[in-house]
Structures are given as structure tokens and as C-alpha cells.
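Report on one structure; see the data block that follows.
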Amino acid sequence: MGQYLSLTHNLNDMKAQIKSFPQLVNHFQDESTCVEFLEQQRWGGTPVCPHCQAIVIYRTNRGYKCKECLKKFSIKTGTIFENSNIKLSTWFAAIYLASAHKKGISSLQLHRDLNVTQKTAWFMLHRIREMMRKKSPSILTGTIQADETFVGGKNKNRHVSKKVKESQGRSTKDKTPVFGLRNEGKVNTEVVANTKGKTLMPIIASMIERDATVVTDEWGAYNGLNKDYQHEVIKHKDGEYVRNGFHTNGIENFWSLLKRGIYGIYHSTSRKHLQRYCDEFSYRYNSREIKDAERFDVSLSQVEGGLSYKQLIKK
Ligand SMILES: [Zn+2]
């Protein structure tokens with residue numbers, strides 16, 4: 001127990017020391033330092049069996065063995081690092097870079113920065129996006145901006161999202177609709193099959209507390225929201241941007257950030273992976289007020305849950 005207490009102490013010292021990428025690389029040079037750090041982040045220093053949650057654990061040469069179920073596991077079991085031979089120091093560097101770059105980082109760039117193959121970099125980035133996904137979003141209250149947009153495709157006019165909306169069925173064929181909510185400066189996004197009311201309404205009902213204020217534009221899918229919510233409608237078609245102090249500027253700004261990022265860094269993205277890109281951009285946007293080093297710290301507390309290469313390449 002005494003050993004763990006001193007580890008916690010060192011952990012806080014260490015966190016205070018790491019303020020930049022070179023400092024991070026310098027600190028996490030050897031694997032045992034990374035393992036100790038993760039032990040603190042995942043379990044507060046006391047390993048827990050990922051198979052049966054028992055806490056009586058033996059240390060072995062390569063990891064741990066549970067006294068209850070007798071299964072062996074490693075620091076990577078049950079995390080985004082599982083079944084990868086990539087060193088934790090490389091993972092930590094990748095997480096730092098992927099969280100710090102405001103517009104994201106491409107697999108080509110990460111491959112160059114970390115001296116791993118581009119295929120490895122691509123795989124790592126997808127797992128990091130999985131880490132960034134909100135595992136249990138909380139119910140939204142107060143004033144919530146709701147809006148949909150279309151991402152991808154070759155339409156030259158794609159930045160004029162509302163025009164796209166009106167000509168739906170033709171120009172949006174090669175685009176993927178995304179629905180978003182913004183509340184207290186934070187966004188939640190969901191890739192959706194279409195932007196019809198029967199698709200969007202259940203999402204709103206599951207994520208927003210009844211009687212909250214929902215601000216939307218005049219898109220027909222939102223008709224009827226006033227039954228359960230205070231519904232404020234901004235008439236964008238009439239050139240209106242603010243009504244009674246309500247607007248949807250926040251979520252619209254997020255859409256432009258997302259699109260610029262996807263078109264600029266990733267050039268395009270398939271419908272299959274779009275949710276992960278949305279999660280990545282939402283994550284950085286939602287943590288925009290904290291420093292890069294703190295963001296790294298927050299990221300590492302979310303490493304539970306993996307994503308296999310098979311799942312990734314599955315059609
Ligand atoms: Zn066990």
C-alpha cells in the first residue's frame with residue numbers, strides 16, 4: 001500500500017512537469033514508466049481484474065494474474081491498446097499529438113512524426129477516436145441548439161448547408177447527414193440515416209430533458225417539438241439569425257470547423273468512419289479550454305474499451 005501512495009505522489013509531480021510534447025517524450029522513454037502511469041490512471045494504482053473485477057492480483061513478469069479467476073492480463077487488456085505490439089510510449093505520443101492538433105492529424109503525418117508505418121498510424125488514430133467517443137452522454141438541460149448538416153461529397157456548393165437541405169434528394173446523394181446538439185458550449189454529434197423527423201425526434205427525446213428550450217431553424221423535421229419542449233425557430237430562409245436572443249450560431253460554427261477539418265486534413269472520409277471523425281472533432285472542441293497536457297491526461301483516463309482491426313476493416 002505504501003508503494004502505491006508514493007506512486008500517486010510521483011504521478012502528480014510528473015503531471016506538473018509535463019507541459020509540452022518534448023517533455024512527454026522525454027518522460028515516457030521506457031515502458032515501465034508508461035505502465036506505472038497507466039496503473040494510476042486506470043486503477044488508481046491497485047490493479048483490478050478485467051475478467052472478474054477481483055482486486056487480489058499477482059504481478060508476473062509480463063503483467064498480472066488474478067487470484068480469483070486465475071486469468072492473466074496485461075495493462076493493455078480491455079483498453080484501446082489491446083492486442084497491439086506498439087509500445088505504450090508510441091501510443092502516448094500519438095494520443096498527445098492527436099488531441100493537441102486543433103484540426104486533427106492525418107495518418108500520413110503521424111506515420112512521419114512517430115516513425116511507424118502509415119497502416120499502423122491509421123489504426124492507432126481510429127482507436128484514439130474510439131477513446132474520444134463519449135461513453136455515456138448526460139441528459140441535456142437549459143437551452144440546446146439543434147441542427148443537421150451534410151458532410152462529404154463533391155458538391156461545389158457544400159458550404160451552403162441550407163441550400164443543400166432544400167435540394168435534398170439530388171445534391172445530397174453522396175453526402176452523409178450528421179445531427180448535432182450544442183449545450184453549454186459542448187457538442188454531441190450523431191451520424192444519421194436521414195434528416196427526417198422520425199429519425200431526429202427520438203434522438204432529441206433521448207438526449208434532451210423535457211421542457212428544455214430547443215433552438216432550431218425552420219427545417220420541417222422539427223415540427224411538433226413544441227409539444228414537449230419550448231421550441232424557438234430561427235427563420236434562416238428569411239435571413240433571420242437571431243430571434244428573442246436565441247440562435248444556432250454555436251452548432252453552425254462547429255459544423256464549419258468539422259468540415260474544414262475533414263476536407264483539409266483527411267480530404268474525404270467514408271460514411272462508415274464518419275462517426276469517429278465527428279467524435280474526434282467534438283472531443284477537441286469540447287475540451288478546447290483546457291491545455292494540451294491536461295487534455296492528454298483526460299484522454300488517458302478514457303482508454304478503456306477497444307476496437308479490433310477486424311471491426312475497423314469490416315465492410
Ligand atoms: Zn479475475
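Residue numbers start at 1 in each chain; chains themselves are named A, B, ... in the order of the C-alpha cells; ligands are numbered from 1 in the order shown.
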Each residue of chain A with at least one atom at most 8 Å from ligand 1 should appear once, together with its nearest atom pair and the corresponding distance in Å (one decimal); atoms considered: only C-alpha atoms and all ligand atoms; ordering: chain, then increasing residue number; output as a Markdown table.
```
| residue | atom | partner | partner_atom_place_in_ligand_line | distance |
| --- | --- | --- | --- | --- |
| A:Val48 | CA | ligand 1 | 1 (Zn) | 7.9 |
| A:Cys49 | CA | ligand 1 | 1 (Zn) | 4.6 |
| A:Pro50 | CA | ligand 1 | 1 (Zn) | 6.6 |
| A:His51 | CA | ligand 1 | 1 (Zn) | 4.9 |
| A:Cys52 | CA | ligand 1 | 1 (Zn) | 4.1 |
| A:Gln53 | CA | ligand 1 | 1 (Zn) | 5.9 |
| A:Ala54 | CA | ligand 1 | 1 (Zn) | 5.3 |
| A:Ile55 | CA | ligand 1 | 1 (Zn) | 7.9 |
| A:Lys65 | CA | ligand 1 | 1 (Zn) | 7.7 |
| A:Cys66 | CA | ligand 1 | 1 (Zn) | 4.6 |
| A:Lys67 | CA | ligand 1 | 1 (Zn) | 6.6 |
| A:Glu68 | CA | ligand 1 | 1 (Zn) | 5.1 |
| A:Cys69 | CA | ligand 1 | 1 (Zn) | 4.1 |
| A:Leu70 | CA | ligand 1 | 1 (Zn) | 6.1 |
| A:Lys71 | CA | ligand 1 | 1 (Zn) | 5.8 |
```
File of the preceding selection, N, CA and C atoms, as a PDB file, in the first residue's frame:
```pdb
ATOM      1  N   VAL A  48      -7.094  -4.082 -11.114  1.00  0.00           N
ATOM      2  CA  VAL A  48      -8.378  -4.761 -10.999  1.00  0.00           C
ATOM      3  C   VAL A  48      -8.464  -5.762 -12.152  1.00  0.00           C
ATOM      4  N   CYS A  49      -8.916  -6.974 -11.871  1.00  0.00           N
ATOM      5  CA  CYS A  49      -9.023  -7.981 -12.926  1.00  0.00           C
ATOM      6  C   CYS A  49     -10.097  -7.571 -13.941  1.00  0.00           C
ATOM      7  N   PRO A  50      -9.749  -7.478 -15.225  1.00  0.00           N
ATOM      8  CA  PRO A  50     -10.740  -7.059 -16.225  1.00  0.00           C
ATOM      9  C   PRO A  50     -11.762  -8.166 -16.521  1.00  0.00           C
ATOM     10  N   HIS A  51     -11.472  -9.384 -16.043  1.00  0.00           N
ATOM     11  CA  HIS A  51     -12.373 -10.510 -16.318  1.00  0.00           C
ATOM     12  C   HIS A  51     -13.419 -10.665 -15.224  1.00  0.00           C
ATOM     13  N   CYS A  52     -13.024 -10.519 -13.950  1.00  0.00           N
ATOM     14  CA  CYS A  52     -13.977 -10.759 -12.856  1.00  0.00           C
ATOM     15  C   CYS A  52     -14.003  -9.620 -11.827  1.00  0.00           C
ATOM     16  N   GLN A  53     -13.284  -8.567 -12.091  1.00  0.00           N
ATOM     17  CA  GLN A  53     -13.235  -7.370 -11.217  1.00  0.00           C
ATOM     18  C   GLN A  53     -12.600  -7.615  -9.859  1.00  0.00           C
ATOM     19  N   ALA A  54     -11.982  -8.778  -9.674  1.00  0.00           N
ATOM     20  CA  ALA A  54     -11.320  -9.039  -8.380  1.00  0.00           C
ATOM     21  C   ALA A  54     -10.121  -8.100  -8.233  1.00  0.00           C
ATOM     22  N   ILE A  55      -9.752  -7.868  -6.973  1.00  0.00           N
ATOM     23  CA  ILE A  55      -8.639  -6.943  -6.769  1.00  0.00           C
ATOM     24  C   ILE A  55      -7.419  -7.604  -6.144  1.00  0.00           C
ATOM     25  N   LYS A  65      -1.727 -11.588 -12.793  1.00  0.00           N
ATOM     26  CA  LYS A  65      -2.559 -12.783 -12.759  1.00  0.00           C
ATOM     27  C   LYS A  65      -3.562 -12.615 -11.626  1.00  0.00           C
ATOM     28  N   CYS A  66      -4.834 -12.924 -11.931  1.00  0.00           N
ATOM     29  CA  CYS A  66      -5.909 -12.751 -10.955  1.00  0.00           C
ATOM     30  C   CYS A  66      -5.968 -13.942 -10.008  1.00  0.00           C
ATOM     31  N   LYS A  67      -6.073 -13.702  -8.717  1.00  0.00           N
ATOM     32  CA  LYS A  67      -6.122 -14.795  -7.745  1.00  0.00           C
ATOM     33  C   LYS A  67      -7.484 -15.485  -7.757  1.00  0.00           C
ATOM     34  N   GLU A  68      -8.535 -14.751  -8.144  1.00  0.00           N
ATOM     35  CA  GLU A  68      -9.888 -15.308  -8.170  1.00  0.00           C
ATOM     36  C   GLU A  68     -10.111 -16.225  -9.375  1.00  0.00           C
ATOM     37  N   CYS A  69      -9.996 -15.635 -10.582  1.00  0.00           N
ATOM     38  CA  CYS A  69     -10.318 -16.412 -11.784  1.00  0.00           C
ATOM     39  C   CYS A  69      -9.078 -17.012 -12.442  1.00  0.00           C
ATOM     40  N   LEU A  70      -7.920 -16.706 -11.887  1.00  0.00           N
ATOM     41  CA  LEU A  70      -6.640 -17.246 -12.343  1.00  0.00           C
ATOM     42  C   LEU A  70      -6.248 -16.820 -13.765  1.00  0.00           C
ATOM     43  N   LYS A  71      -6.998 -15.890 -14.332  1.00  0.00           N
ATOM     44  CA  LYS A  71      -6.657 -15.444 -15.690  1.00  0.00           C
ATOM     45  C   LYS A  71      -5.525 -14.419 -15.636  1.00  0.00           C
TER      46      LYS A  71
END
```
- Tell me which protein, DNA and RNA residues are within 7 Å of stretch 123-138 of chain A, counting only C-alpha atoms, leaving out same-chain ones fewer than 6 positions away, and put them as a PyMOL selection string. chain A and resi 80+95+276+279-280+283+302-303+307
- Residues of stretch 82-228 of chain A in helix (DSSP H, G or I) according to DSSP, as a PyMOL selection string? chain A and resi 88-100+107-114+118-132+161-166+197-207+220-222+225-227
If you count only C-alpha atoms, which residues fall within 12 Å of A:Lys76, apart from same-chain ones fewer than 2 positions away, as a PDB file with C-alpha atoms, in the first residue's frame?
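Output file around-v4.pdb is given in full below:
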```pdb
ATOM      1  CA  CYS A  34       4.283   4.115 -19.028  1.00  0.00           C
ATOM      2  CA  VAL A  35       2.889   1.052 -17.246  1.00  0.00           C
ATOM      3  CA  LEU A  38      -1.416   3.725 -16.694  1.00  0.00           C
ATOM      4  CA  GLU A  39      -1.823   1.726 -13.476  1.00  0.00           C
ATOM      5  CA  ARG A  42      -6.868   3.112 -14.826  1.00  0.00           C
ATOM      6  CA  PRO A  47      -4.859  -3.370 -10.468  1.00  0.00           C
ATOM      7  CA  CYS A  49      -9.023  -7.981 -12.926  1.00  0.00           C
ATOM      8  CA  PRO A  50     -10.740  -7.059 -16.225  1.00  0.00           C
ATOM      9  CA  ARG A  62       4.669  -9.853 -18.302  1.00  0.00           C
ATOM     10  CA  GLY A  63       1.751  -8.366 -16.406  1.00  0.00           C
ATOM     11  CA  TYR A  64      -0.743  -9.657 -13.861  1.00  0.00           C
ATOM     12  CA  LYS A  72      -3.664 -13.465 -16.828  1.00  0.00           C
ATOM     13  CA  PHE A  73      -3.939  -9.958 -18.183  1.00  0.00           C
ATOM     14  CA  SER A  74      -1.757  -7.025 -19.044  1.00  0.00           C
ATOM     15  CA  GLY A  78      -9.599  -4.027 -22.056  1.00  0.00           C
ATOM     16  CA  THR A  79      -8.163  -0.785 -23.398  1.00  0.00           C
ATOM     17  CA  ILE A  80      -7.669   0.789 -26.811  1.00  0.00           C
ATOM     18  CA  PHE A  81      -4.089  -0.550 -26.640  1.00  0.00           C
ATOM     19  CA  GLU A  82      -5.209  -4.196 -26.502  1.00  0.00           C
ATOM     20  CA  ASN A  83      -3.657  -6.671 -28.941  1.00  0.00           C
ATOM     21  CA  SER A  84      -1.230  -4.164 -30.338  1.00  0.00           C
ATOM     22  CA  ASN A  85       2.524  -4.590 -30.274  1.00  0.00           C
ATOM     23  CA  ILE A  86       3.001  -0.850 -30.390  1.00  0.00           C
ATOM     24  CA  LYS A  87       4.934   0.430 -27.402  1.00  0.00           C
ATOM     25  CA  LEU A  88       2.993   2.477 -24.864  1.00  0.00           C
ATOM     26  CA  TRP A  91       0.773   5.330 -28.070  1.00  0.00           C
ATOM     27  CA  VAL A 303      -8.621   4.298 -22.577  1.00  0.00           C
ATOM     28  CA  GLU A 304     -10.997   1.515 -21.507  1.00  0.00           C
ATOM     29  CA  GLY A 305     -12.695  -0.270 -24.379  1.00  0.00           C
ATOM     30  CA  GLY A 306     -11.006  -1.440 -27.534  1.00  0.00           C
TER      31      GLY A 306
END
```
- Which of these residues is nearest to A:Phe28, using only C-alpha atoms: A:Phe281, A:Trp122, A:Phe92, A:Tyr229?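 Smallest separation from A:Phe28 among the options: A:Phe92.
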List the spatial neighbours of A:Asn26 as a short mmCIF file (atom, residue, chain, number, x, y, z; two decimals) with N, CA and C atoms, in the first residue's frame - criterion: any atom at most 12 Å away, only C-alpha atoms, same-chain residues fewer than 6 positions off excluded.
```cif
data_model
loop_
_atom_site.label_atom_id
_atom_site.label_comp_id
_atom_site.auth_asym_id
_atom_site.auth_seq_id
_atom_site.Cartn_x
_atom_site.Cartn_y
_atom_site.Cartn_z
N MET A 14 4.83 14.34 -11.66
CA MET A 14 5.11 14.13 -13.06
C MET A 14 4.14 14.93 -13.94
N GLN A 17 5.08 18.33 -14.31
CA GLN A 17 6.29 18.56 -15.12
C GLN A 17 6.04 18.55 -16.62
N ILE A 18 5.06 17.74 -17.05
CA ILE A 18 4.85 17.59 -18.49
C ILE A 18 3.95 18.70 -19.03
N LYS A 19 4.57 19.62 -19.73
CA LYS A 19 3.80 20.74 -20.25
C LYS A 19 3.89 20.84 -21.76
N SER A 20 4.71 19.99 -22.36
CA SER A 20 4.88 20.09 -23.81
C SER A 20 5.17 18.71 -24.38
N THR A 33 7.79 3.02 -17.06
CA THR A 33 7.24 4.31 -16.64
C THR A 33 5.82 4.48 -17.18
N CYS A 34 5.61 4.04 -18.42
CA CYS A 34 4.28 4.11 -19.03
C CYS A 34 3.30 3.21 -18.28
N SER A 89 4.87 4.00 -25.11
CA SER A 89 5.45 5.34 -25.32
C SER A 89 5.02 5.91 -26.67
N THR A 90 4.91 5.03 -27.67
CA THR A 90 4.45 5.48 -29.00
C THR A 90 2.97 5.84 -28.94
N PHE A 92 1.33 6.92 -26.31
CA PHE A 92 1.16 8.17 -25.56
C PHE A 92 1.48 9.37 -26.44
N ALA A 93 2.54 9.23 -27.23
CA ALA A 93 2.91 10.33 -28.13
C ALA A 93 1.80 10.58 -29.15
#
```
- Query: What is the atom CA of A:Arg284 to atom CA of A:Ala98 distance in Å?
  - Reply: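 Atom-to-atom, atom CA of A:Arg284 to atom CA of A:Ala98, that is 9.2 Å.
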- Message: Between A:Phe21, A:Phe254, A:Phe246, A:Phe37, which residue has the minimum interatomic distance to A:Asn286, considering only C-alpha atoms?
- Response: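 Smallest distance to A:Asn286 is found for A:Phe254.
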- Message: Could you list, as a list in words, every residue within 10 Å of A:Phe179, counting only C-alpha atoms and ignoring same-chain residues fewer than 4 positions away?
- Response: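 Answer for this query is Ala146, Asp147, Glu148, Thr149, Phe150, Asn188, Thr189, Glu190, Val191, Val192, Ala193, Asn194, Thr195, Thr199, Leu200, Ile203, Ile204, Ile251 and Trp255 of chain A.
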- Write out as a list in words the residues lying within 10 Å of A:Thr213, counting only C-alpha atoms and excluding same-chain residues fewer than 5 positions away.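 Listed by chain and then number, they are Thr141, Gly142, Thr143, Ile144, Gln145, Ile208, Leu225, Asn226, Asp228, Tyr229, Gln230, His231, Glu232 and Phe246 of chain A.
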- Item | atom CA of A:Val242 to atom CA of A:Gly180, straight-line distance in Å | 18.7 Å
- Task: Tell me which of A:Gly185, A:Gly264, A:Gly45, A:Pro202 sits closest to A:Ile57, counting only C-alpha atoms.
- Result: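 Using only C-alpha atoms, the shortest distance to A:Ile57 belongs to A:Gly45.
Proximity to A:Ile262 at 9 Å, evaluated using only C-alpha atoms and with sequence-adjacent residues fewer than 4 positions away removed, yields Lys103, Gly104, Val151, Gly152, Leu257, Leu258, Tyr266, His267, Ser268, Thr269 and Tyr277 of chain A.
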Restricted to N, CA and C atoms, what would the selected residues look like written as a PDB file, in the first residue's frame?
```pdb
ATOM      1  N   LYS A 103      -6.975  20.832 -35.718  1.00  0.00           N
ATOM      2  CA  LYS A 103      -7.755  20.330 -36.857  1.00  0.00           C
ATOM      3  C   LYS A 103      -7.508  18.855 -37.107  1.00  0.00           C
ATOM      4  N   GLY A 104      -6.895  18.181 -36.163  1.00  0.00           N
ATOM      5  CA  GLY A 104      -6.655  16.758 -36.352  1.00  0.00           C
ATOM      6  C   GLY A 104      -5.317  16.492 -37.010  1.00  0.00           C
ATOM      7  N   VAL A 151     -22.101  16.029 -44.722  1.00  0.00           N
ATOM      8  CA  VAL A 151     -20.642  16.004 -44.830  1.00  0.00           C
ATOM      9  C   VAL A 151     -20.229  15.079 -45.968  1.00  0.00           C
ATOM     10  N   GLY A 152     -19.186  15.488 -46.691  1.00  0.00           N
ATOM     11  CA  GLY A 152     -18.641  14.659 -47.766  1.00  0.00           C
ATOM     12  C   GLY A 152     -19.205  15.063 -49.111  1.00  0.00           C
ATOM     13  N   LEU A 257     -16.094  24.063 -38.606  1.00  0.00           N
ATOM     14  CA  LEU A 257     -14.823  23.533 -38.100  1.00  0.00           C
ATOM     15  C   LEU A 257     -14.655  22.065 -38.515  1.00  0.00           C
ATOM     16  N   LEU A 258     -15.707  21.299 -38.330  1.00  0.00           N
ATOM     17  CA  LEU A 258     -15.691  19.867 -38.676  1.00  0.00           C
ATOM     18  C   LEU A 258     -15.415  19.672 -40.173  1.00  0.00           C
ATOM     19  N   TYR A 266      -8.195  15.345 -43.854  1.00  0.00           N
ATOM     20  CA  TYR A 266      -8.455  13.964 -44.262  1.00  0.00           C
ATOM     21  C   TYR A 266      -8.930  13.877 -45.711  1.00  0.00           C
ATOM     22  N   HIS A 267      -9.174  15.038 -46.318  1.00  0.00           N
ATOM     23  CA  HIS A 267      -9.611  15.140 -47.723  1.00  0.00           C
ATOM     24  C   HIS A 267     -10.997  14.566 -47.955  1.00  0.00           C
ATOM     25  N   SER A 268     -11.220  13.368 -47.499  1.00  0.00           N
ATOM     26  CA  SER A 268     -12.576  12.830 -47.573  1.00  0.00           C
ATOM     27  C   SER A 268     -12.662  11.767 -46.501  1.00  0.00           C
ATOM     28  N   THR A 269     -13.849  11.341 -46.203  1.00  0.00           N
ATOM     29  CA  THR A 269     -13.972  10.242 -45.260  1.00  0.00           C
ATOM     30  C   THR A 269     -15.192   9.428 -45.630  1.00  0.00           C
ATOM     31  N   TYR A 277     -14.778  10.397 -36.883  1.00  0.00           N
ATOM     32  CA  TYR A 277     -14.214  11.731 -37.130  1.00  0.00           C
ATOM     33  C   TYR A 277     -15.036  12.777 -36.361  1.00  0.00           C
TER      34      TYR A 277
END
```
- Task: Please give the complete set of residues from stretch 53-257 of chain A that DSSP, run on the backbone, assigns to strand (DSSP E), formatted as an NGL selection string.
- Result: :A and (57-59 or 64-66 or 72-73 or 143-151 or 176-183 or 186-191 or 213-217 or 230-234)
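When atom CA of A:Arg243 is paired with atom CA of A:Tyr285, their separation reads 25.6 Å.
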- With distances taken over only C-alpha atoms, which of A:Leu97, A:Val187, A:Val215, A:Ala221 is nearest to A:Met201? A:Ala221
- Go through A:Leu24, A:Leu114, A:Val178, A:Ala94 and flag the residue nearest A:Glu294, using only C-alpha atoms for the distances. A:Leu24
